[in-house]
Amino acid sequence: MTTYILLITVVVLSISGFLIGRYRASAMCEAPGASVKLHSRPSYYGLLTAMWCGVPALIVAVLWHGLEPAIIDHLVLSDLPPEIRSLPENRLSLVLNDIKNQAAGVMFSESRDPVIREAADHCVRLRAISRMAMSVVILSLSIIALVAVQKRLSPEMRARNHVERFIRCVLVVCSTLAIFTTVGIVLSILFEAMRFFKAVPVTEFLFGLKWSPQMAIRADQVGASGAFGAVPVFVGTMLVSAIAMFVAVPIGLMSAIYLSEYAGSAVRTVAKPVLELLAGIPTVVYGFFAALTVAPFIRDMGTMAGLDVSSESALAAGLVMGIMIIPFVSSLSDDVINAVPQDMRDGSYGLGATKSETIKYVVIPAALPGIVGGILLAISRAIGETMIVVMAAGLSANLTVNPLKAVTTVTVQIVTLLVGDQEFDSPKTLAAFALALLLFIVTLLLNIIALYIVRRYREQYE
Amino acid sequence: MGMPAGTGLDPDDDVAVVDQGFRAGMSSGPEARKTAGEPFTENPRMKCRKVNVFYGDKHAIIDVSIDIGRNQVLSMIGPSGCGKSTFLRCLNRMNDTIEGCRVTGTIKLDEMDIYGREVDVVPLRAQIGMVFQKPNPFPKSVFDNVAYGPKIHGLARNRSELEEIVETSLRRAGLWKEVKDRLSQPGTGLSGGQQQRLCIARAIAVTPEVILMDEPCSALDPIATAKIEDLIDELRERFTIVIVTHSMQQASRVSQRTAYFHLGNLIEVGPTEFVFTTPRHRLTEDYITGRFG
C-alpha cells in the first residue's frame with residue numbers, strides 16, 4: 001500500500017469518524033426517554049472522534065518516515081561481512097550508497113560484487129516489510145482510536161474542551177515552528193562563522209581596514225594573501241544606506257503628510273495605491289534601472305561638472321534604493337499619522353493654530369515614535385537590500401565616504417563569495433557567514449529598537 | 001412682521017422680533033419651524049441670522065437665528081443628532097475642517113461677520129475658543145499644553161511672560177494647585193477631570209472672548225463635573241460661554257439662557273428658568289419632561 005493511499009484512507013476514516021461521532025452524540029440526546037443534556041454541541045463529539053482517528057496516525061506516519069532509513073541502513077550494515085564493516089567511516093558510506101543505488105535499480109551501478117547485490121536485495125526486502133508494517137500499524141491505530149472514542153462517548157464528556165485544547169496545541173506548534181526556524185538559521189550562520197573566526201581573529205575581522213578575500217590555493221601562489229577586514233565593506237553599506245535614507249525619509253515623510261493631512265479623498269484614493277506600487281516592483285528591476293539608467297546619467301553629469309565619477313557609484317545605488325524605500329516610509333508614516341486622534345487636531349485648530357502649525361507642533365510630535373520606528377525598519381531594509389547594490393554599487397572594497405566612487409556592501413560580498421563553486425573549508429567562503437552574522441546582528445538590533453519604540457507609542461493612546 | 005433678508009441684522013428689527021416672540025420664516029427650508037421664546041437679546045456678543053448648514057446633501061441646520069448674550073452662559077440642549085454640536089462648531093468655523101460642509105447665513109462676533117471674505121479663521125479661533133467633549137490634551141507636558149496657544153500667537157515676549165500666562169490660566173481653570181509641582185509631566189497623565197480643566201486652561205490662555213464647550217462633562221465623573229460647572233460659573237465674569245449639554249440638570253445649573261434644538265431647528269430660546277418651568281413650545285415641553293430624547 002503506498003503512502004498516498006494510506007493517507008487518503010486515514011482521512012476517509014477521520015471523516016467517517018466525524019460523521020459517526022456527531023450522529024451518535026445527537027442520537028444520545030434525542031433518543032425517546034433520554035432526559036440528559038449533551039455537554040457540547042454534537043459536532044464537537046464528531047470533531048473529537050475525527051481528531052483521535054487522524055492525528056496519532058499521522059504523527060506515527062511522519063515519525064516512521066523519519067526513522068525508517070536510519071534503521072534500515074543499520075540493519076543492512078550489520079548484515080555485511082566483517083571485512084567491509086571494518087572499513088573507515090567515509091568508505092563505508094560509499095558502500096552504503098552503492099547498495100542503495102542497487103536497491104533503487106539505478107542502472108550504471110549494476111554491481112560486480114555479489115556481496116553488494118545481496119545486501120541490496122536485503123535492503124529491498126526490509127523496505128517492503130517496513131511499508132507493510134507501517135500500513136498495518138497506522139490503520140489499526142486509526143480504527144482502534146475510532147472505536148475507543150465511540151465507546152467512551154457519553155453526554156457528560158467534555159468534547160468541546162478537548163477540541164479547544166487540541167486547537168490550542170496546533171497553534172502553539174505552528175508558532176514554535178516559526179521561532180525554531182529562525183533559531184536554526186541563526187545557529188547555522190553562527191557555527192560557520194565560528195569556523196571562520198578560527199582562521200581569522202575576530203578583532204582583525206571587526207577592525208581590519210582592508211578587505212580582499214583571496215586565499216592562496218597552492219602554497220607557492222603569488223599575490224593572493226587574504227585580508228578580511230570588514231570595515232570597508234560595512235562603510236560601503238552604511239554609505240549606500242545613508243544616501244538611500246536621505247532620499248527616502250524626506251520624500252516619504254512629506255508625501256505621507258500630504259496624503260494624510262492635505263489631500264482630498266479623490267487624490268488619496270489614487271495616489272496612495274500608486275505610491276505603494278513602488279513597493280511591488282521587483283528589486284532586480286530597480287537594479288538594472290540603477291545600473292543602466294541612473295549610474296550612466298550621474299557619470300555624465302559628473303563629467304560635465306568636471307568631477308571624476310566612476311561608472312558604478314554609491315550615489316546611483318543609494319538614490320535608486322531610496323526610491324525603492326519611499327513607500328515603506330510613507331505608508332508606515334501615513335498609518336501612524338492617521339492614528340493620531342482627530343481630537344488632537346481639533347484641539348489645536350480650536351486654539352487658532354494654522355494647519356501647518358498643527359502638523360508641526362501637534363501631529364508630528366504625537367506620531368514621532370511611530371515614524372521613527374518606521375524609519376528604523378526602513379533602514380534595516382536598506383542594509384539588507386542586495387540586488388540593487390549587486391548591480392549598481394560595484395565590487396571593489398574602497399574605504400571611502402565619497403558617494404561618487406564605487407563601493408561594495410556586505411550583501412554584495414556575501415553574494416560574490418558564495419556564487420559559483422566554492423570550497424567550504426576555506427576562510428574565503430566562510431567569510432560570507434561571518435559577514436552575514438554581523439549583518440544579522442545589526443539589523444536585529446535595529447528591529448528591536450524599532451519595535452520597542454513602536455510599542456511605547458501604542459501604549460500612549462490605548 | 002416679516003424680516004426681509006438683508007435687513008434682518010438691523011438691531012431695531014431684532015427688537016421688533018423679540019417683542020413678537022416669534023421669528024417670521026420667509027424663505028426657509030421645507031422643514032423650517034418657528035422659534036418660540038426670546039432668541040434675541042440686547043447688546044449681544046454674537047448674532048446669528050438665518051444660519052443653514054449642509055453636509056453634502058443633508059440639511060443639518062435649518063434657518064437658525066439667535067443672539068448670544070455678553071458674559072452669559074447659553075446652554076444648547078436637544079436630543080442626539082439635533083444639530084446642537086454642528087451649530088456650535090459653526091460659531092468658530094470649526095466646520096471648515098470637515099469636507100463637504102457648507103454654511104450659509106450670517107454669524108457676527110460684535111460687528112464682525114465671521115464668515116466674511118476678509119476674515120482670517122486663525123485669529124478668529126483665538127477669539128472664540130473651544131473645549132471638546134473628550135478631554136484632548138496634546139501629548140506634551142502640562143506647561144507646554146497651556147503655552148501652546150500663547151506661543152503660536154506670539155502673546156508672550158519672553159519666558160517669564162509665558163510662565164505668567166500659564167500660571168494665570170491654570171489658576172483661572174482651578175488647576176494650579178493640583179499641577180504646579182508637575183508642570184513638566186505629560187498632560188495625558190492627569191485624571192480625566194484634570195485633563196478637561198487643562199483643556200479649559202489651554203483655551204483661556206489665548207484670552208478669547210467667547211468659549212464654546214461641546215459636552216465638556218460627558219466623559220467625567222460627578223465630582224469632576226461639579227468642579228467644571230463651578231468653573232464655568234466663575235469664567236462667566238470674563239468670557240461669554242456657549243455650552244452644549246445632554247444633561248438638563250447641568251443646563252439649569254450653569255446657564256442663564258437655554259436653547260432647545262430639534263432636528264436641525266431651533267425650537268425655543270429663553271431664560272433658563274422659564275424654559276425649564278414654563279416652556280412655550282410643545283416639543284420643548286415633551287423633551288424636558290422626558291417624553292423623548
# chains A, B, ... in the order shown; residues from 1 in each chain; ligands from 1

call {"tool": "closest_atom_pairs", "arguments": {"of": "chain B", "to": "chain A", "cutoff": "9 Å", "atoms": "only C-alpha atoms", "output": "JSON lines"}}
result
{"residue": "B:Asn92", "atom": "CA", "partner": "A:Gly350", "partner_atom": "CA", "distance": 7.8}
{"residue": "B:Met94", "atom": "CA", "partner": "A:Gly350", "partner_atom": "CA", "distance": 7.1}
{"residue": "B:Thr97", "atom": "CA", "partner": "A:Asp346", "partner_atom": "CA", "distance": 8.7}
{"residue": "B:Glu99", "atom": "CA", "partner": "A:Gly264", "partner_atom": "CA", "distance": 8.3}
{"residue": "B:Val121", "atom": "CA", "partner": "A:Gly352", "partner_atom": "CA", "distance": 7.5}
{"residue": "B:Val122", "atom": "CA", "partner": "A:Gly352", "partner_atom": "CA", "distance": 4.6}
{"residue": "B:Pro123", "atom": "CA", "partner": "A:Gly352", "partner_atom": "CA", "distance": 5.8}
{"residue": "B:Leu124", "atom": "CA", "partner": "A:Gly352", "partner_atom": "CA", "distance": 6.9}
{"residue": "B:Arg125", "atom": "CA", "partner": "A:Gly352", "partner_atom": "CA", "distance": 4.4}
{"residue": "B:Ala126", "atom": "CA", "partner": "A:Gly352", "partner_atom": "CA", "distance": 4.7}
{"residue": "B:Gln127", "atom": "CA", "partner": "A:Gly352", "partner_atom": "CA", "distance": 8.2}
{"residue": "B:Ile128", "atom": "CA", "partner": "A:Gly350", "partner_atom": "CA", "distance": 8.0}
{"residue": "B:Gly129", "atom": "CA", "partner": "A:Gly350", "partner_atom": "CA", "distance": 5.9}
{"residue": "B:Met130", "atom": "CA", "partner": "A:Gly350", "partner_atom": "CA", "distance": 5.4}
{"residue": "B:Val131", "atom": "CA", "partner": "A:Gly347", "partner_atom": "CA", "distance": 7.5}
{"residue": "B:Phe132", "atom": "CA", "partner": "A:Gly347", "partner_atom": "CA", "distance": 7.4}
{"residue": "B:Lys134", "atom": "CA", "partner": "A:Asp343", "partner_atom": "CA", "distance": 7.7}
{"residue": "B:Pro135", "atom": "CA", "partner": "A:Asp343", "partner_atom": "CA", "distance": 8.4}
{"residue": "B:Asn136", "atom": "CA", "partner": "A:Asp343", "partner_atom": "CA", "distance": 5.9}
{"residue": "B:Pro137", "atom": "CA", "partner": "A:Met344", "partner_atom": "CA", "distance": 7.3}
{"residue": "B:Phe138", "atom": "CA", "partner": "A:Met344", "partner_atom": "CA", "distance": 6.2}
{"residue": "B:Pro139", "atom": "CA", "partner": "A:Ala366", "partner_atom": "CA", "distance": 6.1}
{"residue": "B:Lys140", "atom": "CA", "partner": "A:Ala366", "partner_atom": "CA", "distance": 8.5}
{"residue": "B:Tyr148", "atom": "CA", "partner": "A:Tyr361", "partner_atom": "CA", "distance": 8.5}
{"residue": "B:Gly149", "atom": "CA", "partner": "A:Leu351", "partner_atom": "CA", "distance": 5.9}
{"residue": "B:Ile152", "atom": "CA", "partner": "A:Ala353", "partner_atom": "CA", "distance": 6.8}
{"residue": "B:His153", "atom": "CA", "partner": "A:Ala353", "partner_atom": "CA", "distance": 8.1}
{"residue": "B:Thr188", "atom": "CA", "partner": "A:Gln460", "partner_atom": "CA", "distance": 8.5}
{"residue": "B:Cys199", "atom": "CA", "partner": "A:Gly347", "partner_atom": "CA", "distance": 8.3}
{"residue": "B:Arg202", "atom": "CA", "partner": "A:Leu351", "partner_atom": "CA", "distance": 7.9}
{"residue": "B:Ala203", "atom": "CA", "partner": "A:Leu351", "partner_atom": "CA", "distance": 6.3}
{"residue": "B:Val206", "atom": "CA", "partner": "A:Leu351", "partner_atom": "CA", "distance": 7.4}

call {"tool": "write_last_selection", "arguments": {"atoms": "N, CA and C atoms", "output": "CSV table (one decimal), in the first residue's frame"}}
result
chain,number,residue,atom,x,y,z
B,92,ASN,N,-17.2,79.0,15.6
B,92,ASN,CA,-15.8,79.4,15.4
B,92,ASN,C,-15.2,78.7,14.2
B,94,MET,N,-15.2,75.8,13.0
B,94,MET,CA,-14.6,74.5,13.1
B,94,MET,C,-15.1,73.6,12.0
B,97,THR,N,-13.1,72.5,8.7
B,97,THR,CA,-12.2,71.4,8.5
B,97,THR,C,-12.9,70.1,8.0
B,99,GLU,N,-14.9,68.0,5.3
B,99,GLU,CA,-15.1,68.1,3.9
B,99,GLU,C,-16.6,68.0,3.6
B,121,VAL,N,-9.5,82.9,9.5
B,121,VAL,CA,-10.1,82.0,10.5
B,121,VAL,C,-9.1,81.7,11.7
B,122,VAL,N,-7.8,81.9,11.5
B,122,VAL,CA,-6.9,81.6,12.5
B,122,VAL,C,-7.0,82.6,13.8
B,123,PRO,N,-6.9,83.9,13.6
B,123,PRO,CA,-7.1,84.8,14.7
B,123,PRO,C,-8.6,84.6,15.3
B,124,LEU,N,-9.5,84.3,14.4
B,124,LEU,CA,-10.9,84.2,14.8
B,124,LEU,C,-11.0,83.1,15.9
B,125,ARG,N,-10.4,82.0,15.7
B,125,ARG,CA,-10.5,80.9,16.6
B,125,ARG,C,-9.7,81.2,17.9
B,126,ALA,N,-8.8,82.1,17.8
B,126,ALA,CA,-8.2,82.6,19.1
B,126,ALA,C,-9.2,83.4,19.9
B,127,GLN,N,-10.1,84.1,19.1
B,127,GLN,CA,-11.1,84.9,19.8
B,127,GLN,C,-12.2,84.1,20.4
B,128,ILE,N,-12.5,83.0,19.6
B,128,ILE,CA,-13.6,82.1,20.0
B,128,ILE,C,-13.0,80.8,20.3
B,129,GLY,N,-12.7,80.5,21.6
B,129,GLY,CA,-12.1,79.3,22.0
B,129,GLY,C,-13.0,78.1,22.0
B,130,MET,N,-12.5,76.9,22.1
B,130,MET,CA,-13.4,75.8,22.2
B,130,MET,C,-12.8,74.7,23.1
B,131,VAL,N,-13.7,74.0,23.8
B,131,VAL,CA,-13.4,72.9,24.7
B,131,VAL,C,-14.2,71.7,24.2
B,132,PHE,N,-13.6,70.6,24.1
B,132,PHE,CA,-14.2,69.5,23.4
B,132,PHE,C,-14.8,68.5,24.3
B,134,LYS,N,-14.4,65.1,24.6
B,134,LYS,CA,-13.4,64.3,25.2
B,134,LYS,C,-12.2,65.1,25.5
B,135,PRO,N,-11.7,65.0,26.8
B,135,PRO,CA,-10.5,65.8,27.1
B,135,PRO,C,-9.4,65.4,26.1
B,136,ASN,N,-8.8,66.4,25.4
B,136,ASN,CA,-7.8,66.1,24.4
B,136,ASN,C,-6.5,66.9,24.6
B,137,PRO,N,-5.9,66.7,25.7
B,137,PRO,CA,-4.6,67.4,25.9
B,137,PRO,C,-3.6,66.8,24.9
B,138,PHE,N,-2.7,67.7,24.4
B,138,PHE,CA,-1.7,67.3,23.5
B,138,PHE,C,-0.7,66.4,24.2
B,139,PRO,N,0.0,65.5,23.5
B,139,PRO,CA,1.0,64.6,24.2
B,139,PRO,C,2.2,65.4,24.5
B,140,LYS,N,2.0,66.5,25.3
B,140,LYS,CA,3.2,67.3,25.7
B,140,LYS,C,3.0,67.5,27.2
B,148,TYR,N,1.0,76.4,24.5
B,148,TYR,CA,0.9,76.1,23.0
B,148,TYR,C,0.2,77.3,22.3
B,149,GLY,N,-1.0,77.7,22.8
B,149,GLY,CA,-1.7,78.8,22.2
B,149,GLY,C,-0.9,80.1,22.2
B,152,ILE,N,2.0,80.1,19.7
B,152,ILE,CA,1.7,80.2,18.2
B,152,ILE,C,1.2,81.6,17.9
B,153,HIS,N,0.6,82.3,18.9
B,153,HIS,CA,0.0,83.6,18.6
B,153,HIS,C,1.0,84.7,19.0
B,188,THR,N,-1.2,64.1,29.4
B,188,THR,CA,-2.0,62.9,29.3
B,188,THR,C,-2.0,62.1,30.5
B,199,CYS,N,-7.6,71.5,29.4
B,199,CYS,CA,-8.1,72.0,28.1
B,199,CYS,C,-8.7,73.3,28.2
B,202,ARG,N,-6.0,75.8,28.6
B,202,ARG,CA,-5.4,75.9,27.3
B,202,ARG,C,-6.2,76.9,26.5
B,203,ALA,N,-7.5,76.8,26.6
B,203,ALA,CA,-8.4,77.7,25.8
B,203,ALA,C,-8.3,79.1,26.3
B,206,VAL,N,-5.2,81.9,25.5
B,206,VAL,CA,-5.1,82.8,24.4
B,206,VAL,C,-6.1,84.0,24.5

call {"tool": "residues_around", "arguments": {"residues": "stretch 35-44 of chain A", "least_positions_apart": "3", "cutoff": "6 Å", "atoms": "only C-alpha atoms", "output": "count of residues only"}}
result
9

call {"tool": "select_by_dssp", "arguments": {"residues": "stretch 117-291 of chain A", "states": "strand (DSSP E or B)", "output": "list in words"}}
result
Trp211, Ser212, Ala227 and Phe228 of chain A

call {"tool": "residues_around", "arguments": {"residues": "A:Leu404", "least_positions_apart": "6", "cutoff": "8 Å", "atoms": "only C-alpha atoms", "output": "list in words"}}
result
Asp308, Val309, Ser310, Ser313, Ala314 and Leu315 of chain A

call {"tool": "select_by_dssp", "arguments": {"residues": "stretch 71-169 of chain B", "states": "alpha helix (DSSP H)", "output": "CSV table (one decimal) with N, CA, C and O atoms, in the first residue's frame"}}
result
chain,number,residue,atom,x,y,z
B,84,LYS,N,-27.2,70.5,17.6
B,84,LYS,CA,-26.6,71.5,18.5
B,84,LYS,C,-25.1,71.6,18.4
B,84,LYS,O,-24.5,72.7,18.4
B,85,SER,N,-24.4,70.4,18.3
B,85,SER,CA,-23.0,70.4,18.2
B,85,SER,C,-22.5,71.0,16.9
B,85,SER,O,-21.6,71.8,16.8
B,86,THR,N,-23.3,70.7,15.8
B,86,THR,CA,-23.0,71.3,14.5
B,86,THR,C,-23.1,72.8,14.5
B,86,THR,O,-22.2,73.5,14.1
B,87,PHE,N,-24.1,73.3,15.2
B,87,PHE,CA,-24.3,74.7,15.3
B,87,PHE,C,-23.2,75.3,16.1
B,87,PHE,O,-22.6,76.4,15.7
B,88,LEU,N,-22.8,74.7,17.2
B,88,LEU,CA,-21.7,75.2,18.0
B,88,LEU,C,-20.4,75.3,17.2
B,88,LEU,O,-19.7,76.3,17.3
B,89,ARG,N,-20.2,74.3,16.3
B,89,ARG,CA,-19.0,74.3,15.6
B,89,ARG,C,-19.0,75.4,14.5
B,89,ARG,O,-17.9,75.7,13.9
B,90,CYS,N,-20.2,75.9,14.1
B,90,CYS,CA,-20.3,77.0,13.2
B,90,CYS,C,-19.7,78.3,13.8
B,90,CYS,O,-19.2,79.1,13.1
B,121,VAL,N,-9.5,82.9,9.5
B,121,VAL,CA,-10.1,82.0,10.5
B,121,VAL,C,-9.1,81.7,11.7
B,121,VAL,O,-9.5,81.4,12.8
B,122,VAL,N,-7.8,81.9,11.5
B,122,VAL,CA,-6.9,81.6,12.5
B,122,VAL,C,-7.0,82.6,13.8
B,122,VAL,O,-7.2,82.1,14.9
B,123,PRO,N,-6.9,83.9,13.6
B,123,PRO,CA,-7.1,84.8,14.7
B,123,PRO,C,-8.6,84.6,15.3
B,123,PRO,O,-8.8,84.8,16.5
B,124,LEU,N,-9.5,84.3,14.4
B,124,LEU,CA,-10.9,84.2,14.8
B,124,LEU,C,-11.0,83.1,15.9
B,124,LEU,O,-11.7,83.3,16.9
B,125,ARG,N,-10.4,82.0,15.7
B,125,ARG,CA,-10.5,80.9,16.6
B,125,ARG,C,-9.7,81.2,17.9
B,125,ARG,O,-10.0,80.6,18.9
B,126,ALA,N,-8.8,82.1,17.8
B,126,ALA,CA,-8.2,82.6,19.1
B,126,ALA,C,-9.2,83.4,19.9
B,126,ALA,O,-9.1,83.4,21.1
B,127,GLN,N,-10.1,84.1,19.1
B,127,GLN,CA,-11.1,84.9,19.8
B,127,GLN,C,-12.2,84.1,20.4
B,127,GLN,O,-12.9,84.4,21.3
B,142,VAL,N,2.3,69.4,30.8
B,142,VAL,CA,1.2,70.3,31.2
B,142,VAL,C,1.5,71.8,30.8
B,142,VAL,O,0.7,72.4,30.3
B,143,PHE,N,2.8,72.2,31.1
B,143,PHE,CA,3.1,73.5,30.8
B,143,PHE,C,3.0,73.8,29.3
B,143,PHE,O,2.4,74.8,28.9
B,144,ASP,N,3.6,72.9,28.5
B,144,ASP,CA,3.5,73.1,27.0
B,144,ASP,C,2.1,73.1,26.5
B,144,ASP,O,1.8,73.7,25.5
B,145,ASN,N,1.2,72.3,27.1
B,145,ASN,CA,-0.2,72.3,26.7
B,145,ASN,C,-0.8,73.7,26.8
B,145,ASN,O,-1.4,74.1,25.9
B,146,VAL,N,-0.6,74.3,27.9
B,146,VAL,CA,-1.1,75.7,28.1
B,146,VAL,C,-0.4,76.7,27.3
B,146,VAL,O,-1.0,77.6,26.7
B,147,ALA,N,1.0,76.5,27.2
B,147,ALA,CA,1.8,77.5,26.5
B,147,ALA,C,1.6,77.4,25.0
B,147,ALA,O,2.0,78.3,24.3
B,148,TYR,N,1.0,76.4,24.5
B,148,TYR,CA,0.9,76.1,23.0
B,148,TYR,C,0.2,77.3,22.3
B,148,TYR,O,0.8,77.9,21.4
B,149,GLY,N,-1.0,77.7,22.8
B,149,GLY,CA,-1.7,78.8,22.2
B,149,GLY,C,-0.9,80.1,22.2
B,149,GLY,O,-0.7,80.8,21.2
B,150,PRO,N,-0.5,80.6,23.4
B,150,PRO,CA,0.3,81.8,23.5
B,150,PRO,C,1.5,81.8,22.6
B,150,PRO,O,1.8,82.8,22.0
B,151,LYS,N,2.1,80.6,22.5
B,151,LYS,CA,3.3,80.6,21.7
B,151,LYS,C,3.0,80.8,20.2
B,151,LYS,O,3.6,81.6,19.5
B,152,ILE,N,2.0,80.1,19.7
B,152,ILE,CA,1.7,80.2,18.2
B,152,ILE,C,1.2,81.6,17.9
B,152,ILE,O,1.3,82.1,16.8
B,153,HIS,N,0.6,82.3,18.9
B,153,HIS,CA,0.0,83.6,18.6
B,153,HIS,C,1.0,84.7,19.0
B,153,HIS,O,0.7,85.9,18.9
B,159,ARG,N,10.3,84.2,28.2
B,159,ARG,CA,9.9,83.1,29.0
B,159,ARG,C,9.1,83.4,30.3
B,159,ARG,O,8.1,82.8,30.6
B,160,SER,N,9.5,84.5,30.9
B,160,SER,CA,8.8,84.8,32.2
B,160,SER,C,7.4,85.3,31.9
B,160,SER,O,6.5,84.9,32.7
B,161,GLU,N,7.2,86.0,30.8
B,161,GLU,CA,5.8,86.3,30.5
B,161,GLU,C,4.9,85.1,30.2
B,161,GLU,O,3.8,85.0,30.6
B,162,LEU,N,5.6,84.2,29.5
B,162,LEU,CA,4.9,82.9,29.1
B,162,LEU,C,4.5,82.2,30.4
B,162,LEU,O,3.4,81.7,30.6
B,163,GLU,N,5.5,82.1,31.4
B,163,GLU,CA,5.2,81.4,32.6
B,163,GLU,C,4.1,82.1,33.3
B,163,GLU,O,3.2,81.4,33.9
B,164,GLU,N,4.0,83.4,33.2
B,164,GLU,CA,2.9,84.1,33.9
B,164,GLU,C,1.6,83.8,33.3
B,164,GLU,O,0.6,83.5,34.0
B,165,ILE,N,1.6,83.8,32.0
B,165,ILE,CA,0.3,83.4,31.3
B,165,ILE,C,-0.2,82.0,31.7
B,165,ILE,O,-1.3,81.8,32.0
B,166,VAL,N,0.8,81.1,31.7
B,166,VAL,CA,0.5,79.7,32.0
B,166,VAL,C,-0.1,79.6,33.4
B,166,VAL,O,-1.1,79.0,33.7
B,167,GLU,N,0.6,80.3,34.4
B,167,GLU,CA,0.1,80.2,35.8
B,167,GLU,C,-1.3,80.8,35.9
B,167,GLU,O,-2.2,80.2,36.5
B,168,THR,N,-1.5,82.0,35.3
B,168,THR,CA,-2.8,82.7,35.4
B,168,THR,C,-3.9,81.8,34.8
B,168,THR,O,-4.9,81.6,35.4
B,169,SER,N,-3.6,81.2,33.7
B,169,SER,CA,-4.6,80.4,33.0
B,169,SER,C,-4.9,79.1,33.9
B,169,SER,O,-6.1,78.8,34.1

call {"tool": "residues_around", "arguments": {"residues": "B:Glu178", "least_positions_apart": "4", "cutoff": "12 Å", "atoms": "only C-alpha atoms", "output": "NGL selection string"}}
result
:B and (142 or 167 or 170-171 or 173-174 or 182-183 or 190-191 or 193-195 or 197-198)

call {"tool": "residues_around", "arguments": {"residues": "A:Val320", "least_positions_apart": "2", "cutoff": "12 Å", "atoms": "only C-alpha atoms", "output": "ChimeraX atom specification"}}
result
/A:240-241,243-248,278,281,283-295,298,313-318,322-326,382,385,387-389,391-393

call {"tool": "residues_around", "arguments": {"residues": "A:Thr3", "least_positions_apart": "4", "cutoff": "9 Å", "atoms": "only C-alpha atoms", "output": "compact mmCIF listing (two decimals) with N, CA, C and O atoms, in the first residue's frame"}}
result
# COMPACT_ATOMS: atom_id res chain seq x y z
N LEU A 7 -2.60 7.56 3.38
CA LEU A 7 -3.04 8.86 3.91
C LEU A 7 -4.50 9.10 3.58
O LEU A 7 -5.28 9.55 4.43
N ILE A 8 -4.87 8.80 2.34
CA ILE A 8 -6.27 9.02 1.94
C ILE A 8 -7.18 8.16 2.80
O ILE A 8 -8.24 8.61 3.27
N ALA A 61 2.95 8.13 11.14
CA ALA A 61 3.42 8.05 9.75
C ALA A 61 4.65 8.93 9.56
O ALA A 61 5.64 8.52 8.95
N ARG A 131 7.14 -1.06 4.96
CA ARG A 131 5.92 -0.45 4.42
C ARG A 131 4.67 -1.18 4.89
O ARG A 131 3.70 -0.57 5.33
N SER A 135 1.67 0.34 7.25
CA SER A 135 0.26 0.36 6.88
C SER A 135 -0.58 -0.27 7.97
O SER A 135 -1.60 0.29 8.41

call {"tool": "residues_around", "arguments": {"residues": "B:Thr104", "least_positions_apart": "5", "cutoff": "7 Å", "atoms": "only C-alpha atoms", "output": "mmCIF file with N, CA, C and O atoms, in the first residue's frame"}}
result
data_model
loop_
_atom_site.group_PDB
_atom_site.id
_atom_site.type_symbol
_atom_site.label_atom_id
_atom_site.label_comp_id
_atom_site.auth_asym_id
_atom_site.auth_seq_id
_atom_site.Cartn_x
_atom_site.Cartn_y
_atom_site.Cartn_z
ATOM 1 N N VAL B 51 -28.960 80.953 9.852
ATOM 2 C CA VAL B 51 -27.828 80.057 9.611
ATOM 3 C C VAL B 51 -28.345 78.712 9.117
ATOM 4 O O VAL B 51 -29.247 78.123 9.715
ATOM 5 N N ASN B 52 -27.804 78.265 7.990
ATOM 6 C CA ASN B 52 -28.101 76.931 7.468
ATOM 7 C C ASN B 52 -26.793 76.176 7.310
ATOM 8 O O ASN B 52 -25.789 76.754 6.897
ATOM 9 N N VAL B 53 -26.804 74.900 7.653
ATOM 10 C CA VAL B 53 -25.612 74.079 7.454
ATOM 11 C C VAL B 53 -26.000 72.859 6.636
ATOM 12 O O VAL B 53 -27.023 72.228 6.890
#

call {"tool": "closest_residue", "arguments": {"among": "B:Ala259, B:Tyr287, B:Glu42, B:Cys48", "to": "B:Phe274", "atoms": "only C-alpha atoms"}}
result
B:Ala259

call {"tool": "atom_distance", "arguments": {"atom1": "atom CA of B:Val119", "atom2": "atom CA of B:Phe261"}}
result
28.1 Å
